[in-house]
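To keep things clear, I will list the structure first and then write my remarks on it.
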Amino acid sequence: MKKKQKEKLMKAFRPSFENARQQLFQHLENKADELYDLAISVKLNPKKQDELLIENQGPTTRDKQLTVPIDQSFTTIIKRIQEREKGLLDQFATNLTHEIANYWYVPAVKAPETESAVATTKTVAEAKTTNEAAKTTATPAVEKADEQTAVAASTETAATDSMSLAAFTAAIQQFPKFFVDQDTEAILVKEKTPKEDRLLATISRHTVGEFVIEKALDRKYKLKTEVIPVIETLANTPLAER
């Protein structure tokens with residue numbers, strides 16, 4: 001096939017700007033779920049068409065909505081996606097998802113600093129500043145109280161040599177969406193999500209010191225440093241003392 005014919009065909013099958021933008025929005029939603037277990041919706045702000053409206057579908061003590069200005073850099077990225085630039089859609093979506101997740105959580109892995117990442121970081125950082133300024137004074141107080149409660153619970157339980165199942169259950173419930181379940185073989189730490197209950201850790205009911213931390217918990221960079229010590233305390237508690 002001649003070069004001109006190939007270019008003509010590629011142009012004919014090139015998505016429109018609107019389709020490329022929607023493709024990016026869908027990719028962001030998928031990446032947030034895949035990399036951070038974060039359910040979000042992404043769309044144009046109906047009240048302001050030059051803004052991206054990102055909404056956290058799960059419970060949070062922070063603002064559920066984050067707005068990102070669609071500036072010239074953002075528009076250029078979408079045009080490059082429209083041109084089917086190899087690898088750009090996945091890379092840009094990964095970087096932007098990292099910044100979005102960072103608004104609600106502390107991510108475990110920093111996204112690579114590419115050209116698109118630099119533009120993304122600047123854009124979302126500006127959006128975060130705007131959103132923070134618009135929040136009421138009550139929200140930070142609630143968030144701080146929740147964090148202090150969770151840290152206090154994990155610190156107190158980690159400091160003891162043994163723990164009852166009732167105390168363990170109460171400690172785990174201090175973490176948002178976390179709860180304790182059990183069957184004949186194990187005590188299970190789970191997280192409620194919009195789709196299904198997600199297994200985070202398993203503690204043997206028959207063998208002291210035997211427990212498994214699932215990847216879903218290991219990816220929660222900040223929370224795992226508080227939750228895992230609690231799990232270890234129960235796992236190392238003699239069976240008769242639980």
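Chains: A, B, ... in order of the structure tokens. Residues: from 1 per chain. Ligands: from 1, in order shown.
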
Pull the closest atom pair for each residue of stretch 10-40 of chain A that gets at most 12 Å from stretch 54-73 of chain A, along with the distance in Å to one decimal, counting only C-alpha atoms, ordering rows by chain and then ascending residue number, as a tab-separated table.
```
residue	atom	partner	partner_atom	distance
A:Arg21	CA	A:Ile70	CA	11.0
A:Phe25	CA	A:Ile54	CA	9.4
A:Gln26	CA	A:Ile54	CA	11.6
A:Leu28	CA	A:Ile54	CA	9.7
A:Glu29	CA	A:Ile54	CA	9.4
A:Ala32	CA	A:Asn56	CA	10.2
A:Asp33	CA	A:Gln57	CA	11.0
A:Asp37	CA	A:Gly58	CA	10.2
A:Leu38	CA	A:Asn56	CA	7.6
A:Ala39	CA	A:Gln57	CA	5.4
A:Ile40	CA	A:Asn56	CA	4.6
```

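Between atom CA of A:Leu53 and atom CA of A:Lys195 the interatomic distance comes to 22.1 Å.
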
Task: Atomic separation - atom CA of A:His98 relative to atom CA of A:Ala171, Å - done: 28.9 Å

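Atom to atom, atom CA of A:Thr184 and atom CA of A:Arg219 stand 27.5 Å apart.
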
TODO: Excluding A:Lys192 and residues on its chain fewer than 2 positions from it, collect all residues at most 10 Å away from it, counting only C-alpha atoms, and give them as a PyMOL selection string.
DONE: chain A and resi 58+176-179+190+194-199

For all heavy atoms, I'd like the residues from the last selection saved as a JSON list (two decimals), in the first residue's frame.
```
[["chain", "number", "residue", "atom", "x", "y", "z"],
["A", 58, "GLY", "N", -17.31, 6.46, 45.80],
["A", 58, "GLY", "CA", -17.31, 5.79, 47.10],
["A", 58, "GLY", "C", -17.35, 6.80, 48.24],
["A", 58, "GLY", "O", -17.32, 8.01, 48.03],
["A", 176, "PRO", "N", -12.05, 3.33, 57.29],
["A", 176, "PRO", "CA", -13.21, 3.48, 56.41],
["A", 176, "PRO", "C", -13.43, 2.27, 55.50],
["A", 176, "PRO", "O", -12.50, 1.82, 54.82],
["A", 176, "PRO", "CB", -12.86, 4.73, 55.58],
["A", 176, "PRO", "CG", -11.91, 5.49, 56.45],
["A", 176, "PRO", "CD", -11.11, 4.46, 57.19],
["A", 177, "LYS", "N", -14.65, 1.74, 55.53],
["A", 177, "LYS", "CA", -15.11, 0.65, 54.66],
["A", 177, "LYS", "C", -14.54, -0.72, 55.03],
["A", 177, "LYS", "O", -14.85, -1.70, 54.38],
["A", 177, "LYS", "CB", -14.82, 0.94, 53.19],
["A", 177, "LYS", "CG", -15.46, 2.22, 52.65],
["A", 177, "LYS", "CD", -15.26, 2.37, 51.16],
["A", 177, "LYS", "CE", -13.83, 2.68, 50.83],
["A", 177, "LYS", "NZ", -13.62, 2.87, 49.37],
["A", 178, "PHE", "N", -13.70, -0.80, 56.07],
["A", 178, "PHE", "CA", -13.12, -2.08, 56.45],
["A", 178, "PHE", "C", -14.03, -2.79, 57.45],
["A", 178, "PHE", "O", -14.66, -2.16, 58.29],
["A", 178, "PHE", "CB", -11.75, -1.88, 57.11],
["A", 178, "PHE", "CG", -10.64, -1.54, 56.13],
["A", 178, "PHE", "CD1", -10.92, -1.03, 54.87],
["A", 178, "PHE", "CD2", -9.32, -1.72, 56.48],
["A", 178, "PHE", "CE1", -9.91, -0.71, 53.98],
["A", 178, "PHE", "CE2", -8.29, -1.41, 55.61],
["A", 178, "PHE", "CZ", -8.59, -0.90, 54.35],
["A", 179, "PHE", "N", -14.08, -4.12, 57.37],
["A", 179, "PHE", "CA", -14.86, -4.89, 58.35],
["A", 179, "PHE", "C", -14.26, -6.29, 58.47],
["A", 179, "PHE", "O", -13.40, -6.69, 57.68],
["A", 179, "PHE", "CB", -16.34, -4.97, 57.95],
["A", 179, "PHE", "CG", -16.62, -5.77, 56.71],
["A", 179, "PHE", "CD1", -17.06, -7.09, 56.81],
["A", 179, "PHE", "CD2", -16.48, -5.21, 55.45],
["A", 179, "PHE", "CE1", -17.33, -7.83, 55.67],
["A", 179, "PHE", "CE2", -16.75, -5.94, 54.30],
["A", 179, "PHE", "CZ", -17.17, -7.26, 54.41],
["A", 190, "LYS", "N", -11.98, -7.50, 55.27],
["A", 190, "LYS", "CA", -12.52, -7.16, 53.96],
["A", 190, "LYS", "C", -12.81, -5.67, 53.87],
["A", 190, "LYS", "O", -12.85, -4.96, 54.88],
["A", 190, "LYS", "CB", -13.80, -7.96, 53.68],
["A", 190, "LYS", "CG", -13.59, -9.46, 53.59],
["A", 190, "LYS", "CD", -14.90, -10.19, 53.24],
["A", 190, "LYS", "CE", -14.69, -11.68, 53.07],
["A", 190, "LYS", "NZ", -15.95, -12.38, 52.71],
["A", 194, "PRO", "N", -18.17, -0.58, 45.82],
["A", 194, "PRO", "CA", -19.43, -0.53, 45.06],
["A", 194, "PRO", "C", -19.73, -1.82, 44.31],
["A", 194, "PRO", "O", -20.90, -2.15, 44.08],
["A", 194, "PRO", "CB", -19.19, 0.63, 44.08],
["A", 194, "PRO", "CG", -18.18, 1.48, 44.76],
["A", 194, "PRO", "CD", -17.28, 0.54, 45.49],
["A", 195, "LYS", "N", -18.70, -2.58, 43.94],
["A", 195, "LYS", "CA", -18.91, -3.80, 43.15],
["A", 195, "LYS", "C", -19.12, -5.02, 44.04],
["A", 195, "LYS", "O", -20.08, -5.77, 43.88],
["A", 195, "LYS", "CB", -17.72, -4.03, 42.22],
["A", 195, "LYS", "CG", -17.57, -2.97, 41.15],
["A", 195, "LYS", "CD", -16.38, -3.29, 40.25],
["A", 195, "LYS", "CE", -16.25, -2.24, 39.15],
["A", 195, "LYS", "NZ", -15.08, -2.53, 38.27],
["A", 196, "GLU", "N", -18.20, -5.22, 45.01],
["A", 196, "GLU", "CA", -18.27, -6.41, 45.86],
["A", 196, "GLU", "C", -17.35, -6.22, 47.05],
["A", 196, "GLU", "O", -16.54, -5.30, 47.09],
["A", 196, "GLU", "CB", -17.83, -7.66, 45.07],
["A", 196, "GLU", "CG", -16.40, -7.55, 44.53],
["A", 196, "GLU", "CD", -16.01, -8.74, 43.68],
["A", 196, "GLU", "OE1", -16.82, -9.66, 43.53],
["A", 196, "GLU", "OE2", -14.87, -8.74, 43.17],
["A", 197, "ASP", "N", -17.49, -7.10, 48.05],
["A", 197, "ASP", "CA", -16.60, -7.06, 49.20],
["A", 197, "ASP", "C", -15.23, -7.58, 48.76],
["A", 197, "ASP", "O", -15.12, -8.66, 48.18],
["A", 197, "ASP", "CB", -17.15, -7.92, 50.33],
["A", 197, "ASP", "CG", -18.43, -7.33, 50.91],
["A", 197, "ASP", "OD1", -18.67, -6.14, 50.71],
["A", 197, "ASP", "OD2", -19.18, -8.09, 51.56],
["A", 198, "ARG", "N", -14.17, -6.80, 49.04],
["A", 198, "ARG", "CA", -12.83, -7.15, 48.60],
["A", 198, "ARG", "C", -12.02, -7.71, 49.78],
["A", 198, "ARG", "O", -11.94, -7.10, 50.83],
["A", 198, "ARG", "CB", -12.14, -5.92, 48.03],
["A", 198, "ARG", "CG", -10.73, -6.17, 47.52],
["A", 198, "ARG", "CD", -10.09, -4.91, 46.96],
["A", 198, "ARG", "NE", -10.75, -4.50, 45.74],
["A", 198, "ARG", "CZ", -11.49, -3.39, 45.65],
["A", 198, "ARG", "NH1", -11.66, -2.60, 46.68],
["A", 198, "ARG", "NH2", -12.05, -3.06, 44.50],
["A", 199, "LEU", "N", -11.42, -8.88, 49.58],
["A", 199, "LEU", "CA", -10.59, -9.51, 50.61],
["A", 199, "LEU", "C", -9.25, -8.79, 50.73],
["A", 199, "LEU", "O", -8.55, -8.60, 49.74],
["A", 199, "LEU", "CB", -10.37, -10.99, 50.28],
["A", 199, "LEU", "CG", -9.53, -11.80, 51.29],
["A", 199, "LEU", "CD1", -10.24, -11.85, 52.64],
["A", 199, "LEU", "CD2", -9.27, -13.21, 50.76]]
```

TODO: Excluding A:Asp183 and residues on its chain fewer than 3 positions from it, collect all residues at most 12 Å away from it, counting only C-alpha atoms, and give them as a count of residues only.
DONE: 10

Open item on the list: According to DSSP computed on the backbone, where in stretch 17-70 of chain A is there helix (DSSP H, G or I)? Give the residues as a PyMOL selection string.
Closed with: chain A and resi 17-36

If you keep C-alpha atoms, can you produce a file of those selected residues as a compact mmCIF listing (two decimals), in the first residue's frame?
```txt
# COMPACT_ATOMS: atom_id res chain seq x y z
CA PHE A 17 -11.99 15.07 18.95
CA GLU A 18 -15.09 14.37 21.06
CA ASN A 19 -14.62 10.60 20.71
CA ALA A 20 -10.94 10.86 21.65
CA ARG A 21 -11.88 12.89 24.72
CA GLN A 22 -14.54 10.37 25.73
CA GLN A 23 -12.04 7.57 25.20
CA LEU A 24 -9.70 9.30 27.63
CA PHE A 25 -12.50 9.73 30.19
CA GLN A 26 -13.33 6.01 30.01
CA HIS A 27 -9.66 5.10 30.28
CA LEU A 28 -9.33 7.21 33.41
CA GLU A 29 -12.26 5.43 35.05
CA ASN A 30 -10.79 2.03 34.17
CA LYS A 31 -7.29 2.95 35.37
CA ALA A 32 -8.60 4.29 38.69
CA ASP A 33 -10.39 1.01 39.32
CA GLU A 34 -7.48 -1.14 38.12
CA LEU A 35 -4.61 0.63 39.87
CA TYR A 36 -6.20 2.17 42.96
```

Open item on the list: From the options A:Thr97, A:Glu214, A:Lys220, A:Ala201, which residue's atoms come nearest to A:Leu234, counting only C-alpha atoms?
Closed with: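 For A:Leu234, the nearest of the candidates is A:Ala201.
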
TODO: Apply DSSP to the structure's backbone, then extract all residues of stretch 39-94 of chain A labelled strand (DSSP E or B) and return them as a ChimeraX atom specification.
DONE: /A:40-45,48-56,65-69
